[in-house]
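Visitor: Below is the file structure.pdb, with PDB, C-alpha atoms and all ligand atoms.
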ATOM      1  CA  MET A 177      -9.034 -13.832 -17.614
ATOM      2  CA  ALA A 178      -6.312 -14.422 -20.192
ATOM      3  CA  LEU A 179      -3.888 -16.495 -18.083
ATOM      4  CA  ASN A 180      -4.365 -20.025 -16.781
ATOM      5  CA  ALA A 181      -3.996 -21.076 -13.146
ATOM      6  CA  ASP A 182      -0.489 -22.496 -13.647
ATOM      7  CA  THR A 183       0.788 -19.242 -15.112
ATOM      8  CA  ILE A 184      -0.788 -17.234 -12.296
ATOM      9  CA  ALA A 185       0.840 -19.491  -9.696
ATOM     10  CA  ALA A 186       4.211 -19.254 -11.463
ATOM     11  CA  LEU A 187       4.010 -15.443 -11.566
ATOM     12  CA  ALA A 188       3.171 -15.258  -7.856
ATOM     13  CA  GLU A 189       6.102 -17.556  -7.125
ATOM     14  CA  ARG A 190       8.442 -15.394  -9.227
ATOM     15  CA  LEU A 191       7.392 -12.152  -7.528
ATOM     16  CA  GLU A 192       7.581 -13.671  -4.078
ATOM     17  CA  ALA A 193      11.022 -15.132  -4.774
ATOM     18  CA  CYS A 194      12.213 -11.628  -5.701
ATOM     19  CA  GLN A 195      10.847 -10.313  -2.423
ATOM     20  CA  LEU A 196      12.388 -13.091  -0.317
ATOM     21  CA  GLU A 197      15.725 -13.054  -2.140
ATOM     22  CA  VAL A 198      15.888  -9.237  -2.329
ATOM     23  CA  ARG A 199      16.334  -8.938  -6.078
ATOM     24  CA  ASP A 200      14.368  -7.227  -8.810
ATOM     25  CA  THR A 201      12.787  -8.508 -12.024
ATOM     26  CA  HIS A 202      11.423  -7.128 -15.274
ATOM     27  CA  LYS A 203       7.718  -6.403 -15.310
ATOM     28  CA  ILE A 204       5.451  -9.363 -15.883
ATOM     29  CA  THR A 205       3.465  -7.730 -18.679
ATOM     30  CA  ASP A 206       6.683  -7.943 -20.769
ATOM     31  CA  ASP A 207       6.161 -11.733 -20.751
ATOM     32  CA  PHE A 208       2.356 -11.748 -20.745
ATOM     33  CA  PRO A 209       1.137  -8.645 -22.585
ATOM     34  CA  GLU A 210      -2.304 -10.233 -22.927
ATOM     35  CA  MET A 211      -2.921 -10.405 -19.174
ATOM     36  CA  ASP A 212      -5.920  -8.467 -17.859
ATOM     37  CA  PHE A 213      -6.764  -6.817 -14.522
ATOM     38  CA  GLN A 214      -8.477  -9.949 -13.239
ATOM     39  CA  ASP A 215      -5.272 -11.888 -13.885
ATOM     40  CA  ALA A 216      -3.280  -9.228 -12.062
ATOM     41  CA  TYR A 217      -5.487  -9.424  -8.960
ATOM     42  CA  ALA A 218      -5.440 -13.229  -9.222
ATOM     43  CA  VAL A 219      -1.613 -13.181  -8.992
ATOM     44  CA  GLN A 220      -1.915 -10.901  -5.957
ATOM     45  CA  ALA A 221      -4.474 -13.252  -4.362
ATOM     46  CA  GLU A 222      -2.129 -16.166  -4.976
ATOM     47  CA  LEU A 223       0.688 -14.239  -3.243
ATOM     48  CA  LEU A 224      -1.569 -13.769  -0.219
ATOM     49  CA  ARG A 225      -2.595 -17.429  -0.288
ATOM     50  CA  ARG A 226       1.068 -18.485  -0.251
ATOM     51  CA  LYS A 227       1.875 -16.208   2.691
ATOM     52  CA  LEU A 228      -1.141 -17.377   4.707
ATOM     53  CA  ALA A 229      -0.176 -20.991   3.992
ATOM     54  CA  ARG A 230       3.217 -20.247   5.576
ATOM     55  CA  GLY A 231       1.495 -18.966   8.700
ATOM     56  CA  ARG A 232       1.440 -15.233   7.997
ATOM     57  CA  LYS A 233      -1.648 -13.306   9.089
ATOM     58  CA  LEU A 234      -3.407 -10.554   7.204
ATOM     59  CA  ALA A 235      -2.571  -7.250   8.947
ATOM     60  CA  GLY A 236      -4.354  -4.735   6.737
ATOM     61  CA  LEU A 237      -5.357  -3.524   3.311
ATOM     62  CA  LYS A 238      -4.068  -0.636   1.235
ATOM     63  CA  ALA A 239      -5.049   1.691  -1.522
ATOM     64  CA  GLY A 240      -2.251   3.028  -3.696
ATOM     65  CA  LEU A 241      -1.722   5.466  -6.539
ATOM     66  CA  THR A 242      -4.598   7.463  -5.068
ATOM     67  CA  SER A 243      -2.908  10.859  -5.355
ATOM     68  CA  PHE A 244      -2.073  12.742  -8.549
ATOM     69  CA  ALA A 245       1.485  13.213  -7.246
ATOM     70  CA  LYS A 246       1.923   9.446  -7.041
ATOM     71  CA  MET A 247       0.163   8.720 -10.321
ATOM     72  CA  LYS A 248       2.414  11.250 -12.034
ATOM     73  CA  GLN A 249       5.540   9.887 -10.314
ATOM     74  CA  MET A 250       4.728   6.341 -11.457
ATOM     75  CA  GLY A 251       3.226   7.184 -14.866
ATOM     76  CA  VAL A 252      -0.156   5.512 -14.266
ATOM     77  CA  THR A 253      -3.717   6.773 -14.166
ATOM     78  CA  SER A 254      -5.835   4.942 -11.623
ATOM     79  CA  PRO A 255      -5.686   3.584  -8.058
ATOM     80  CA  VAL A 256      -4.692   0.049  -7.114
ATOM     81  CA  PHE A 257      -5.362  -2.067  -4.019
ATOM     82  CA  GLY A 258      -3.265  -4.520  -2.043
ATOM     83  CA  PHE A 259      -2.670  -6.136   1.350
ATOM     84  CA  MET A 260      -0.186  -6.157   4.203
ATOM     85  CA  THR A 261       0.698  -9.243   6.284
ATOM     86  CA  ASP A 262       1.876  -9.248   9.905
ATOM     87  CA  ASP A 263       5.553  -9.437   8.946
ATOM     88  CA  TYR A 264       5.196  -6.028   7.213
ATOM     89  CA  LEU A 265       4.236  -4.340  10.467
ATOM     90  CA  VAL A 266       6.917  -2.174  12.057
ATOM     91  CA  PRO A 267       6.257  -1.074  15.642
ATOM     92  CA  HIS A 268       5.785   2.668  16.182
ATOM     93  CA  GLY A 269       9.320   4.123  16.295
ATOM     94  CA  GLY A 270      10.768   0.759  15.229
ATOM     95  CA  GLU A 271      13.437  -0.381  12.805
ATOM     96  CA  VAL A 272      13.368  -1.596   9.221
ATOM     97  CA  THR A 273      16.266  -3.770   8.065
ATOM     98  CA  THR A 274      17.266  -2.243   4.748
ATOM     99  CA  ALA A 275      19.158  -5.382   3.664
ATOM    100  CA  GLU A 276      15.771  -7.137   3.423
ATOM    101  CA  LEU A 277      14.533  -4.621   0.842
ATOM    102  CA  ILE A 278      15.479  -3.892  -2.776
ATOM    103  CA  HIS A 279      15.082  -0.094  -3.102
ATOM    104  CA  PRO A 280      12.717   1.143  -0.379
ATOM    105  CA  LYS A 281      10.757   4.395  -0.452
ATOM    106  CA  VAL A 282       8.469   5.935   2.169
ATOM    107  CA  GLU A 283       5.032   7.482   1.769
ATOM    108  CA  PRO A 284       2.985   9.647   4.149
ATOM    109  CA  GLU A 285      -0.500   8.218   4.558
ATOM    110  CA  ILE A 286      -3.624   8.355   6.705
ATOM    111  CA  ALA A 287      -4.673   4.980   8.116
ATOM    112  CA  PHE A 288      -8.302   4.093   8.790
ATOM    113  CA  VAL A 289      -9.442   1.487  11.310
ATOM    114  CA  LEU A 290     -13.005   0.265  10.841
ATOM    115  CA  LYS A 291     -15.519  -0.488  13.576
ATOM    116  CA  LYS A 292     -18.041  -1.840  11.063
ATOM    117  CA  ALA A 293     -17.734  -3.842   7.868
ATOM    118  CA  LEU A 294     -17.893  -1.942   4.588
ATOM    119  CA  THR A 295     -19.633  -3.401   1.587
ATOM    120  CA  GLY A 296     -19.787  -2.167  -1.987
ATOM    121  CA  PRO A 297     -20.939  -1.478  -4.605
ATOM    122  CA  GLY A 298     -22.478   1.851  -3.661
ATOM    123  CA  CYS A 299     -20.004   2.589  -0.851
ATOM    124  CA  HIS A 300     -19.325   6.348  -0.443
ATOM    125  CA  ILE A 301     -17.507   8.800   1.876
ATOM    126  CA  GLY A 302     -20.495   8.903   4.229
ATOM    127  CA  ALA A 303     -20.550   5.139   4.687
ATOM    128  CA  VAL A 304     -16.779   5.075   5.245
ATOM    129  CA  LEU A 305     -16.835   7.817   7.885
ATOM    130  CA  GLU A 306     -19.762   6.165   9.626
ATOM    131  CA  ALA A 307     -17.922   2.818   9.698
ATOM    132  CA  THR A 308     -14.549   4.270  10.825
ATOM    133  CA  GLU A 309     -13.539   3.909  14.472
ATOM    134  CA  PHE A 310     -10.533   6.216  14.102
ATOM    135  CA  VAL A 311      -7.881   7.523  11.742
ATOM    136  CA  LEU A 312      -4.177   7.832  12.545
ATOM    137  CA  PRO A 313      -0.828   8.616  10.882
ATOM    138  CA  GLY A 314       0.815   5.866   8.865
ATOM    139  CA  ILE A 315       4.079   5.592   6.934
ATOM    140  CA  GLU A 316       4.118   3.002   4.198
ATOM    141  CA  VAL A 317       7.439   1.557   3.018
ATOM    142  CA  ILE A 318       7.062   0.460  -0.594
ATOM    143  CA  ASP A 319       9.598  -1.695  -2.408
ATOM    144  CA  SER A 320       8.616  -2.555  -5.965
ATOM    145  CA  ARG A 321       9.952  -5.888  -7.083
ATOM    146  CA  TYR A 322      10.371  -4.337 -10.550
ATOM    147  CA  ARG A 323      13.638  -2.963 -11.822
ATOM    148  CA  ASP A 324      13.996   0.776 -11.130
ATOM    149  CA  PHE A 325      10.400   0.951  -9.799
ATOM    150  CA  LYS A 326       9.213   0.896 -13.454
ATOM    151  CA  PHE A 327       5.869  -0.811 -14.026
ATOM    152  CA  ASP A 328       2.394  -0.558 -15.513
ATOM    153  CA  LEU A 329      -0.846  -0.972 -13.583
ATOM    154  CA  LYS A 330      -1.266  -4.701 -14.154
ATOM    155  CA  SER A 331       2.310  -5.463 -13.165
ATOM    156  CA  VAL A 332       2.122  -3.396  -9.968
ATOM    157  CA  ILE A 333      -1.210  -4.956  -8.947
ATOM    158  CA  ALA A 334       0.276  -8.442  -9.366
ATOM    159  CA  ASP A 335       3.224  -7.288  -7.220
ATOM    160  CA  ASN A 336       0.780  -6.454  -4.402
ATOM    161  CA  THR A 337       1.182  -2.718  -5.121
ATOM    162  CA  SER A 338       4.832  -2.713  -3.966
ATOM    163  CA  ALA A 339       3.778  -3.308  -0.332
ATOM    164  CA  ALA A 340       6.723  -4.067   1.978
ATOM    165  CA  ARG A 341       6.466  -2.515   5.467
ATOM    166  CA  PHE A 342       4.285  -0.027   7.346
ATOM    167  CA  VAL A 343       4.080   1.733  10.677
ATOM    168  CA  VAL A 344       1.098   3.403  12.276
ATOM    169  CA  GLY A 345       1.013   5.420  15.453
ATOM    170  CA  GLY A 346       0.355   8.815  16.956
ATOM    171  CA  GLN A 347      -2.970  10.036  18.266
ATOM    172  CA  PRO A 348      -5.980   8.167  16.858
ATOM    173  CA  LEU A 349      -8.848  10.547  16.070
ATOM    174  CA  ARG A 350     -12.527   9.920  15.486
ATOM    175  CA  PRO A 351     -13.240  11.067  11.950
ATOM    176  CA  SER A 352     -16.388  13.000  12.941
ATOM    177  CA  GLY A 353     -14.674  16.114  14.312
ATOM    178  CA  ILE A 354     -12.128  16.638  11.541
ATOM    179  CA  ASP A 355     -12.085  17.597   7.890
ATOM    180  CA  LEU A 356      -9.733  15.038   6.370
ATOM    181  CA  ARG A 357      -9.399  17.157   3.221
ATOM    182  CA  THR A 358      -7.601  19.979   5.004
ATOM    183  CA  VAL A 359      -5.599  17.912   7.479
ATOM    184  CA  GLY A 360      -1.965  18.861   6.874
ATOM    185  CA  ILE A 361       0.996  16.488   6.878
ATOM    186  CA  VAL A 362       4.762  16.946   7.089
ATOM    187  CA  MET A 363       7.147  14.056   6.548
ATOM    188  CA  GLU A 364      10.730  14.491   7.741
ATOM    189  CA  LYS A 365      13.807  12.518   6.817
ATOM    190  CA  ASN A 366      16.669  12.924   9.275
ATOM    191  CA  GLY A 367      14.948  15.977  10.720
ATOM    192  CA  GLU A 368      14.566  17.772   7.373
ATOM    193  CA  PRO A 369      11.055  18.235   5.976
ATOM    194  CA  VAL A 370      10.937  16.311   2.685
ATOM    195  CA  ALA A 371       7.209  16.142   1.863
ATOM    196  CA  PHE A 372       4.180  18.334   2.669
ATOM    197  CA  GLY A 373       0.569  17.930   1.786
ATOM    198  CA  ALA A 374      -3.060  17.748   2.831
ATOM    199  CA  GLY A 375      -5.586  14.934   2.852
ATOM    200  CA  ALA A 376      -7.384  16.222  -0.248
ATOM    201  CA  ALA A 377      -4.387  15.094  -2.340
ATOM    202  CA  VAL A 378      -5.821  11.575  -2.027
ATOM    203  CA  VAL A 379      -8.689  11.459  -4.557
ATOM    204  CA  GLY A 380     -10.167  14.651  -3.048
ATOM    205  CA  HIS A 381     -10.801  12.985   0.340
ATOM    206  CA  PRO A 382      -8.940   9.986   1.823
ATOM    207  CA  ALA A 383     -12.261   8.306   2.736
ATOM    208  CA  THR A 384     -13.025   8.125  -0.986
ATOM    209  CA  ALA A 385     -10.010   5.834  -1.436
ATOM    210  CA  ILE A 386     -11.485   3.498   1.200
ATOM    211  CA  ALA A 387     -14.875   3.599  -0.556
ATOM    212  CA  MET A 388     -13.168   2.734  -3.854
ATOM    213  CA  LEU A 389     -11.568  -0.297  -2.183
ATOM    214  CA  ALA A 390     -14.945  -1.406  -0.760
ATOM    215  CA  ASN A 391     -16.522  -1.016  -4.197
ATOM    216  CA  GLN A 392     -13.794  -2.949  -5.943
ATOM    217  CA  LEU A 393     -14.053  -5.805  -3.393
ATOM    218  CA  GLY A 394     -17.847  -5.611  -3.644
ATOM    219  CA  ALA A 395     -17.608  -6.322  -7.354
ATOM    220  CA  ARG A 396     -15.990  -9.661  -6.367
ATOM    221  CA  GLY A 397     -18.594 -10.339  -3.671
ATOM    222  CA  GLU A 398     -16.212  -9.500  -0.805
ATOM    223  CA  SER A 399     -16.458  -6.850   1.901
ATOM    224  CA  ILE A 400     -13.983  -5.205   4.285
ATOM    225  CA  PRO A 401     -14.468  -6.695   7.764
ATOM    226  CA  ALA A 402     -14.886  -4.651  10.952
ATOM    227  CA  GLY A 403     -11.535  -4.044  12.624
ATOM    228  CA  THR A 404      -9.589  -3.807   9.354
ATOM    229  CA  LEU A 405      -6.732  -1.323   9.143
ATOM    230  CA  ILE A 406      -6.482   0.335   5.721
ATOM    231  CA  LEU A 407      -3.806   2.662   4.371
ATOM    232  CA  SER A 408      -5.550   5.223   2.148
ATOM    233  CA  GLY A 409      -2.560   5.960  -0.123
ATOM    234  CA  GLY A 410       0.450   8.244  -0.303
ATOM    235  CA  ILE A 411      -0.397  11.946  -0.055
ATOM    236  CA  THR A 412       2.837  12.979  -1.797
ATOM    237  CA  GLU A 413       5.423  11.379  -4.029
ATOM    238  CA  ALA A 414       7.369   8.571  -2.365
ATOM    239  CA  VAL A 415      10.811   9.431  -0.944
ATOM    240  CA  SER A 416      13.814   7.075  -1.281
ATOM    241  CA  VAL A 417      15.477   5.923   1.910
ATOM    242  CA  ALA A 418      18.663   4.074   2.877
ATOM    243  CA  ALA A 419      20.220   2.537   5.980
ATOM    244  CA  GLY A 420      20.791   5.215   8.599
ATOM    245  CA  ASP A 421      17.696   7.265   7.701
ATOM    246  CA  HIS A 422      15.101   8.228  10.272
ATOM    247  CA  VAL A 423      11.645   9.102   8.934
ATOM    248  CA  ALA A 424       8.892  10.838  10.907
ATOM    249  CA  LEU A 425       5.387  11.748   9.812
ATOM    250  CA  HIS A 426       3.442  14.497  11.552
ATOM    251  CA  VAL A 427      -0.277  14.718  10.829
ATOM    252  CA  GLN A 428      -2.246  17.726  12.018
ATOM    253  CA  GLY A 429      -4.211  16.834  15.154
ATOM    254  CA  MET A 430      -3.047  13.192  15.035
ATOM    255  CA  GLY A 431       0.482  13.418  16.396
ATOM    256  CA  SER A 432       3.357  11.580  14.763
ATOM    257  CA  THR A 433       4.748   8.200  13.907
ATOM    258  CA  SER A 434       8.255   7.261  12.833
ATOM    259  CA  LEU A 435      10.636   4.530  11.855
ATOM    260  CA  ARG A 436      14.348   4.070  11.333
ATOM    261  CA  PHE A 437      16.224   2.259   8.555
ATOM    262  CA  VAL A 438      19.158   0.181   9.750
TER     263      VAL A 438
HETATM  264  C1  LIG B 501       2.810   1.511  -6.051
HETATM  265  C2  LIG B 501       2.201   1.658  -4.685
HETATM  266  C3  LIG B 501       1.722   3.051  -4.423
HETATM  267  C4  LIG B 501       0.610   4.598  -2.765
HETATM  268  O1  LIG B 501       0.353   4.864  -1.590
HETATM  269  O2  LIG B 501       0.378   5.389  -3.672
HETATM  270  C5  LIG B 501       1.231   3.281  -3.050
HETATM  271  C6  LIG B 501       4.168   2.157  -6.172
HETATM  272  O3  LIG B 501       4.242   3.368  -6.315
HETATM  273  O4  LIG B 501       5.179   1.434  -6.144
HETATM  274  O5  LIG B 501       1.333   2.498  -2.137
HETATM  275 MG    MG B 502       1.162   3.554  -0.225
END
So that I can check it, write out the structure of this file as structure tokens.

Guide:
Amino acid sequence: MALNADTIAALAERLEACQLEVRDTHKITDDFPEMDFQDAYAVQAELLRRKLARGRKLAGLKAGLTSFAKMKQMGVTSPVFGFMTDDYLVPHGGEVTTAELIHPKVEPEIAFVLKKALTGPGCHIGAVLEATEFVLPGIEVIDSRYRDFKFDLKSVIADNTSAARFVVGGQPLRPSGIDLRTVGIVMEKNGEPVAFGAGAAVVGHPATAIAMLANQLGARGESIPAGTLILSGGITEAVSVAAGDHVALHVQGMGSTSLRFV
């Protein structure tokens, strides 16, 4: 680690203030170019600690930048991991208040819900599928706290991987009967298809993204508990949204979920 505890706390406070006050900031590596990945995850952990101290509950985990489309869109080269708290959860078909967000975008994702804990290192697709109760459609709303969504990997990790809101719904499916690589998705904005893809866009197989998360937590001596909901990462580039937009995600064999921006 290159940063001390006071700096990490101050960075978490700065990023959270941006989120709560709906304003952007320059990326934190501009101020602390020496920071490393451990520092970045320490800022994220401090953000979570602050939210839990205010009574928020952990609602799920997420992998991000797991597809080449997303990596290319954001100009980075490897996945990142973050968390969602209960206040990020939008009910199936529910509303997102756009005035609470800086510059929201939506991403089509496949959500996993675990029936067993997952522990790395050494976690692989097989272990993930065996530990998964079901998969279902999920739309993630991301809202980078950085100006114009411009960041590097360390900055976006510290900013909890732009997490802001999410909805899951549709028809949960056991992962055993389906090939998640060839599962097709269509995301519509205001009834127009705006993004198409298949599960394989996410590191070859969405379960691999979950295994990567288990392995990264395993390196810190943590595991993913049974019952955890995990978003496996955007299958396509993220799509900008504004008040008045309705977004629906259809996933082959898993029905649909949707939300509305007001
Ligand atoms: C970072 C978060 C990316 C995903 O699914 O790829 C992400 C960002 O693009 O702002 O959640
Ligand atoms: Mg995402």

Visitor: Using all atoms listed in the file, which residues of range 411-437 of chain A come within 9 Å of range 246-268 of chain A, and what is the closest atom pair for each, with the distance in Å to one decimal? Give it as a Markdown table, sorted by chain and residue number.

Guide:
| residue | atom | partner | partner_atom | distance |
| --- | --- | --- | --- | --- |
| A:Ile411 | CA | A:Lys246 | CA | 7.8 |
| A:Thr412 | CA | A:Lys246 | CA | 6.4 |
| A:Glu413 | CA | A:Lys246 | CA | 5.0 |
| A:Ala414 | CA | A:Lys246 | CA | 7.2 |
| A:Thr433 | CA | A:His268 | CA | 6.1 |
| A:Ser434 | CA | A:His268 | CA | 6.2 |
| A:Leu435 | CA | A:His268 | CA | 6.8 |

Visitor: Dump C-alpha atoms for the selected residues as a PDB file, keeping the file's coordinate frame?

Guide:
ATOM      1  CA  ILE A 411      -0.397  11.946  -0.055  1.00  0.00           C
ATOM      2  CA  THR A 412       2.837  12.979  -1.797  1.00  0.00           C
ATOM      3  CA  GLU A 413       5.423  11.379  -4.029  1.00  0.00           C
ATOM      4  CA  ALA A 414       7.369   8.571  -2.365  1.00  0.00           C
ATOM      5  CA  THR A 433       4.748   8.200  13.907  1.00  0.00           C
ATOM      6  CA  SER A 434       8.255   7.261  12.833  1.00  0.00           C
ATOM      7  CA  LEU A 435      10.636   4.530  11.855  1.00  0.00           C
TER       8      LEU A 435
END

Visitor: Given 8 Å on each side, where is the centre and what are the edge lengths in Å to one decimal of the axis-aligned box enclosing the listed atoms of range 205-214 of chain A, as AutoDock Vina command-line options?

Guide:
--center_x -0.9 --center_y -9.3 --center_z -18.1 --size_x 31.2 --size_y 20.9 --size_z 25.7

Visitor: To verify the selection step, state as number ranges by chain which residues the PyMOL selection byres (((not hetatm)) within 10 of (chain B and resi 501)) yields on this input.

Guide: A: 238-252, 255-258, 280-286, 315-322, 325-329, 331-333, 335-340, 378, 407-414

Visitor: Residues at most 9 Å from range 302-312 of chain A, counting all atoms listed in the file, excluding those fewer than 5 positions away in the same chain, as a PyMOL selection string?

Guide: chain A and resi 285-294+344-352+383-384+386-387+402-403+427+430-432

Visitor: Please provide as a list of chain:residue names all residues within 10 Å of Phe208 in chain A, with the sequence filter that same-chain residues fewer than 6 positions apart are discarded (counting all atoms listed in the file).

Guide: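 Listing them by chain and then by number gives A:Ala178, A:Leu179, A:Thr183, A:Ser331.
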
Visitor: Interatomic distance between CA of Val362 in chain A and CA of Leu277 in chain A?

Guide: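 That distance, rounded to one decimal, is 24.5 Å.
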
Visitor: Grab the CA of Val370 in chain A to CA of Leu237 in chain A distance for me, in Å with one decimal place.

Guide: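 Distance between the two atoms: 25.7 Å.
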
Visitor: For a test of reading the model, state the distance in Å between CA of Glu364 in chain A and CA of Phe342 in chain A, rounded to one decimal.

Guide: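 We find that CA of Glu364 in chain A and CA of Phe342 in chain A lie 15.9 Å from each other.
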
Visitor: Here is a test: counting only C-alpha atoms, which residue of A:Leu405, A:Cys194, A:Ala377, A:Ala418 is nearest to Gly314 in chain A?

Guide: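 Closest candidate: A:Leu405.
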
Visitor: Under the rule that all atoms listed in the file are counted, which of A:Leu393, A:Ile354, A:Ile301, A:Leu191 is the nearest residue to Gly380 in chain A?

Guide: A:Ile301

Visitor: Choose the residue, out of A:Arg226, A:Arg396, A:His426, A:Arg341, that has the smallest atom-to-atom separation from ligand MG 502 (chain B); count all atoms listed in the file.

Guide: A:Arg341

Visitor: Give as a list of chain:residue names the residues that the PyMOL selection byres (((chain A and resi 295-297) around 7) and not hetatm) matches when applied to the coordinates above.

Guide: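 Answer for the PyMOL selection byres (((chain A and resi 295-297) around 7) and not hetatm): A:Ala293, A:Leu294, A:Gly298, A:Cys299, A:Ala390, A:Asn391, A:Leu393, A:Gly394, A:Ala395, A:Ser399, A:Ile400.
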
Visitor: Return the single residue from A:Glu276, A:Gln392, A:Ala385, A:Ala334 that is closest to ligand MG 502 (chain B), with distances computed using all atoms listed in the file.

Guide: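 Closest residue, counting all atoms listed in the file: A:Ala385.
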
Visitor: Between A:Ile361, A:Ile184, A:Ile278, A:Leu356, which one has atoms that come closest to Val417 in chain A, using only C-alpha atoms?

Guide: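 Among the listed residues, the smallest separation from Val417 in chain A belongs to A:Ile278.
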
Visitor: Please identify all polymer residues within 8 Å of Glu192 in chain A, counting all atoms listed in the file, omitting same-chain residues fewer than 4 positions from it, and present them as a VMD selection string.

Guide: chain A and resid 188 196 223

Visitor: Check the smallest atom-to-atom distance from each of A:Ile406, A:Gln214, A:Glu222, A:Glu197 to ligand MG 502 (chain B) using all atoms listed in the file, then report the winner.

Guide: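 Residue with the minimum atom-to-atom distance to ligand MG 502 (chain B): A:Ile406.
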
Visitor: What would range 339-345 of chain A look like with all heavy atoms in place, written as a tab-separated table (two decimals), keeping the file's coordinate frame?

Guide:
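To be explicit, this is the file written out as part-v4.tsv:
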chain	number	residue	atom	x	y	z
A	339	ALA	N	3.84	-3.31	-1.80
A	339	ALA	CA	3.78	-3.31	-0.33
A	339	ALA	C	5.00	-4.02	0.25
A	339	ALA	O	5.44	-5.05	-0.25
A	339	ALA	CB	2.50	-4.01	0.15
A	340	ALA	N	5.55	-3.46	1.35
A	340	ALA	CA	6.72	-4.07	1.98
A	340	ALA	C	6.72	-3.93	3.51
A	340	ALA	O	6.96	-4.91	4.21
A	340	ALA	CB	8.00	-3.47	1.40
A	341	ARG	N	6.49	-2.73	4.01
A	341	ARG	CA	6.47	-2.52	5.47
A	341	ARG	C	5.50	-1.36	5.73
A	341	ARG	O	5.22	-0.57	4.85
A	341	ARG	CB	7.85	-2.10	6.01
A	341	ARG	CG	8.97	-3.12	5.82
A	341	ARG	CD	8.87	-4.30	6.75
A	341	ARG	NE	10.03	-5.17	6.61
A	341	ARG	CZ	10.15	-6.13	5.69
A	341	ARG	NH1	9.17	-6.33	4.82
A	341	ARG	NH2	11.24	-6.88	5.64
A	342	PHE	N	5.06	-1.21	6.97
A	342	PHE	CA	4.28	-0.03	7.35
A	342	PHE	C	4.34	0.16	8.85
A	342	PHE	O	4.56	-0.81	9.60
A	342	PHE	CB	2.83	-0.12	6.86
A	342	PHE	CG	1.98	-1.11	7.60
A	342	PHE	CD1	1.04	-0.68	8.53
A	342	PHE	CD2	2.12	-2.48	7.39
A	342	PHE	CE1	0.25	-1.60	9.23
A	342	PHE	CE2	1.34	-3.39	8.09
A	342	PHE	CZ	0.40	-2.96	9.02
A	343	VAL	N	4.17	1.41	9.26
A	343	VAL	CA	4.08	1.73	10.68
A	343	VAL	C	2.88	2.65	10.85
A	343	VAL	O	2.62	3.50	9.99
A	343	VAL	CB	5.40	2.39	11.17
A	343	VAL	CG1	5.69	3.71	10.46
A	343	VAL	CG2	5.37	2.62	12.67
A	344	VAL	N	2.15	2.46	11.91
A	344	VAL	CA	1.10	3.40	12.28
A	344	VAL	C	1.31	3.79	13.73
A	344	VAL	O	1.87	3.03	14.51
A	344	VAL	CB	-0.33	2.83	12.07
A	344	VAL	CG1	-0.66	2.67	10.60
A	344	VAL	CG2	-0.51	1.50	12.80
A	345	GLY	N	0.86	4.97	14.08
A	345	GLY	CA	1.01	5.42	15.45
A	345	GLY	C	0.52	6.84	15.59
A	345	GLY	O	-0.10	7.36	14.68
